[in-house]
Amino acid sequence: MFESAELGHTVADDDYKKAVPALRQALLDVQYDLAQAKNLPVLILIGGVDGAGKGETANLLNEWMDPRLIHTCAFGPATQDEAERPTMWRFWKELPPKGKIGIFFGSWYTTPILDNMDGKIRKKLDSTLNDIVRFERMLTDEGTLIIKLWFHLSKKQQKTRIAALEENPKTSWRVTEQDKEHLKHYNEFRTVTGHILRETSTANAPWMVIEGFDANYRSLTTGQYILDAIRKNLDIKTARPRKATAPALLPPADGLNVLNALDLTKSLDKSDYESELEEYQGKLNLLTRHEKFKDIAVITAFEGVDAAGKGGAIRRITQALDARHYSTIPIAAPTDEERAQPYLWRFWRQLPRRGRLTIFDRTWYGRVLVERVEGFCSEQDWMRAYAEINHFEEQLIGHNIVLLKFWLHIDQEEQLKRFEEREKTAFKRYKITPEDWRNREKWDEYQTAVCDMIDRTSTELSPWTLVESNDKKYARIKILKTICKQLEKKLSSL
């Protein structure tokens, strides 16, 4: 992986001075074209051997290009706020929007490298790398250009470079004890980073390994590579080639599915409802004040047929909670800011820290429901979203987040009754819109999409709870019971 980056590449000073002005102008031109087009986010990852010029390169790019259109992030050890959320949270919230360039100095590769500095390739490492490949594939499928730069030095070059930096009073501060310790383990470091780069250098996000000893060579190579990568992607005017895919699940030949198999006649009388509501709201309150609740977070995700009672169910949950410890996130059509990012971005940024509960009123499943049915994304996009969503939820659960997903279902007759009631009741009119009536006309299409969603994303780790909601009282109690049961199970396991 590193053979070509240990050949002793150099560029003479005169040649460097002649090449730089034209390169800088071209980089500025492509940067402004990128900003004007606003159809491509660019993410530059900078990694490499200590002393190979990583910091100098990040600074140089900000000098050669317009820094107002660059967002540079240097990632160190996770802060307390970051540690209380899934590992990838801090990277998600810093992703560049379309038209901008993000530079990550340190990235999701740092921890896998540091955790394997002894050079041994562990099974856990390969699992982590598989997760990284899936994540980067999702970003590129969403339109992000990922440029991964690795700056390399041979062992001899690194030793020379560190010594030179140390001897110069103006640069000695840049050499740390950690750098010296890493030099002692150079061979092991080279082994593990070689493996990591090979396993994660993919067609959609390849690594560019650059010899870092000669600053002139390093700078020109980096600048030209970034220029070529951005210009190539900006100049692609044709649509992405269509990929062959098998069809989504076909409707069952006998018409039976997970929705019409529900018994929507289930109900509770008023006295039982009031008694159980008091019981389970009290239990939920106690569970969220449990001493171990501070070690977990909770996400309740609500989806359902229009007018199925999501809002009423959510209110019965929040009535039991301390307002300081929960938040409700209503999801509507994405804003311009959100459309400039991958579709999961707006959900990642809302993840709760430990000791808190977040309620999503509509969720990331919009990609495989509304966007699918209304044609807001391609079939290829919503088909790949099932796996991306499952991976997202695996990360949540792996970080001690209790994820509870509810689908509230009613039949067409009950929906019509509720729609008409909303139109007649002054204080409920805001709940009914022309969009609701239009969606009703696509009832069968939405039912097919929901059945596909449940089949493909109801996993062992994160199953769907289907809630029979023709009777609101029954639905609310079933939801509260489910939350209490899963919270008790989680807290008892800690």
# chains A, B, ... in the order shown; residues from 1 in each chain; ligands from 1

call {"tool": "residues_around", "arguments": {"residues": "A:Leu461", "least_positions_apart": "2", "cutoff": "8 Å", "atoms": "only C-alpha atoms", "output": "PyMOL selection string"}}
result
chain A and resi 394+397+459+463

call {"tool": "write_last_selection", "arguments": {"atoms": "C-alpha atoms", "output": "short mmCIF file (atom, residue, chain, number, x, y, z; two decimals), in the first residue's frame"}}
result
data_model
loop_
_atom_site.label_atom_id
_atom_site.label_comp_id
_atom_site.auth_asym_id
_atom_site.auth_seq_id
_atom_site.Cartn_x
_atom_site.Cartn_y
_atom_site.Cartn_z
CA GLU A 394 -27.78 -0.83 15.32
CA ILE A 397 -28.78 0.32 20.35
CA THR A 459 -35.11 -6.65 13.44
CA PRO A 463 -38.63 -4.66 16.28
#

call {"tool": "select_by_dssp", "arguments": {"residues": "stretch 199-232 of chain A", "states": "helix (DSSP H, G or I)", "output": "list in words"}}
result
Glu199, Thr200, Ala215, Asn216, Tyr217, Arg218, Ser219, Leu220, Thr221, Thr222, Gly223, Gln224, Tyr225, Ile226, Leu227, Asp228, Ala229, Ile230, Arg231 and Lys232 of chain A

call {"tool": "residues_around", "arguments": {"residues": "stretch 101-108 of chain A", "least_positions_apart": "4", "cutoff": "6 Å", "atoms": "only C-alpha atoms", "output": "PyMOL selection string"}}
result
chain A and resi 42-46+70-75+96

call {"tool": "write_last_selection", "arguments": {"atoms": "N, CA and C atoms", "output": "PDB file, in the first residue's frame"}}
result
ATOM      1  N   VAL A  42     -18.389  18.341  -0.440  1.00  0.00           N
ATOM      2  CA  VAL A  42     -17.050  17.747  -0.547  1.00  0.00           C
ATOM      3  C   VAL A  42     -16.480  17.566   0.849  1.00  0.00           C
ATOM      4  N   LEU A  43     -16.069  16.351   1.153  1.00  0.00           N
ATOM      5  CA  LEU A  43     -15.494  16.038   2.463  1.00  0.00           C
ATOM      6  C   LEU A  43     -14.080  15.515   2.263  1.00  0.00           C
ATOM      7  N   ILE A  44     -13.103  16.231   2.831  1.00  0.00           N
ATOM      8  CA  ILE A  44     -11.698  15.853   2.723  1.00  0.00           C
ATOM      9  C   ILE A  44     -11.235  15.305   4.064  1.00  0.00           C
ATOM     10  N   LEU A  45     -10.810  14.037   4.080  1.00  0.00           N
ATOM     11  CA  LEU A  45     -10.262  13.428   5.296  1.00  0.00           C
ATOM     12  C   LEU A  45      -8.747  13.462   5.217  1.00  0.00           C
ATOM     13  N   ILE A  46      -8.112  13.972   6.273  1.00  0.00           N
ATOM     14  CA  ILE A  46      -6.654  14.057   6.324  1.00  0.00           C
ATOM     15  C   ILE A  46      -6.139  13.157   7.432  1.00  0.00           C
ATOM     16  N   ILE A  70     -14.949  26.909   3.508  1.00  0.00           N
ATOM     17  CA  ILE A  70     -14.354  25.678   4.041  1.00  0.00           C
ATOM     18  C   ILE A  70     -14.666  25.582   5.528  1.00  0.00           C
ATOM     19  N   HIS A  71     -15.069  24.418   5.951  1.00  0.00           N
ATOM     20  CA  HIS A  71     -15.305  24.164   7.380  1.00  0.00           C
ATOM     21  C   HIS A  71     -14.301  23.111   7.825  1.00  0.00           C
ATOM     22  N   THR A  72     -13.320  23.529   8.649  1.00  0.00           N
ATOM     23  CA  THR A  72     -12.261  22.632   9.100  1.00  0.00           C
ATOM     24  C   THR A  72     -12.522  22.185  10.523  1.00  0.00           C
ATOM     25  N   CYS A  73     -12.505  20.871  10.727  1.00  0.00           N
ATOM     26  CA  CYS A  73     -12.723  20.305  12.062  1.00  0.00           C
ATOM     27  C   CYS A  73     -11.541  19.431  12.443  1.00  0.00           C
ATOM     28  N   ALA A  74     -10.985  19.694  13.611  1.00  0.00           N
ATOM     29  CA  ALA A  74      -9.923  18.844  14.154  1.00  0.00           C
ATOM     30  C   ALA A  74     -10.519  18.041  15.298  1.00  0.00           C
ATOM     31  N   PHE A  75     -10.536  16.728  15.136  1.00  0.00           N
ATOM     32  CA  PHE A  75     -11.169  15.863  16.135  1.00  0.00           C
ATOM     33  C   PHE A  75     -10.120  15.273  17.071  1.00  0.00           C
ATOM     34  N   PRO A  96     -20.263  18.661   5.750  1.00  0.00           N
ATOM     35  CA  PRO A  96     -20.485  19.872   4.955  1.00  0.00           C
ATOM     36  C   PRO A  96     -21.768  19.774   4.140  1.00  0.00           C
TER      37      PRO A  96
END

call {"tool": "atom_distance", "arguments": {"atom1": "atom CA of A:Ile432", "atom2": "atom CA of A:Ala313"}}
result
17.7 Å

call {"tool": "select_by_dssp", "arguments": {"residues": "stretch 38-113 of chain A", "states": "strand (DSSP E)", "output": "PyMOL selection string"}}
result
chain A and resi 42-48+70-74+101-105

call {"tool": "closest_residue", "arguments": {"among": "A:Asp126, A:Glu468, A:Glu413, A:Glu166", "to": "A:Lys310", "atoms": "only C-alpha atoms"}}
result
A:Glu468

call {"tool": "atom_distance", "arguments": {"atom1": "atom CA of A:Asn216", "atom2": "atom CA of A:Leu114"}}
result
29.0 Å

call {"tool": "residues_around", "arguments": {"residues": "A:Asn130", "least_positions_apart": "2", "cutoff": "12 Å", "atoms": "only C-alpha atoms", "output": "ChimeraX atom specification"}}
result
/A:109,112,123-128,132-137,196,198-202,391

call {"tool": "residues_around", "arguments": {"residues": "stretch 267-269 of chain A", "least_positions_apart": "5", "cutoff": "9 Å", "atoms": "only C-alpha atoms", "output": "PyMOL selection string"}}
result
chain A and resi 274+468-475+477

call {"tool": "closest_residue", "arguments": {"among": "A:Gln380, A:Thr482, A:Thr10, A:Thr87", "to": "A:His399", "atoms": "only C-alpha atoms"}}
result
A:Thr87

call {"tool": "residues_around", "arguments": {"residues": "A:Trp150", "least_positions_apart": "4", "cutoff": "9 Å", "atoms": "only C-alpha atoms", "output": "number ranges by chain"}}
result
A: 45-49, 54, 197, 207-212

call {"tool": "closest_residue", "arguments": {"among": "A:Arg190, A:Lys485, A:Arg339, A:Lys478", "to": "A:Lys120", "atoms": "only C-alpha atoms"}}
result
A:Arg190

call {"tool": "closest_residue", "arguments": {"among": "A:Ala340, A:Val20, A:Ile226, A:Val11", "to": "A:Thr144", "atoms": "only C-alpha atoms"}}
result
A:Ala340

call {"tool": "closest_residue", "arguments": {"among": "A:His195, A:Arg349, A:His152, A:Lys292", "to": "A:Trp92", "atoms": "only C-alpha atoms"}}
result
A:Arg349
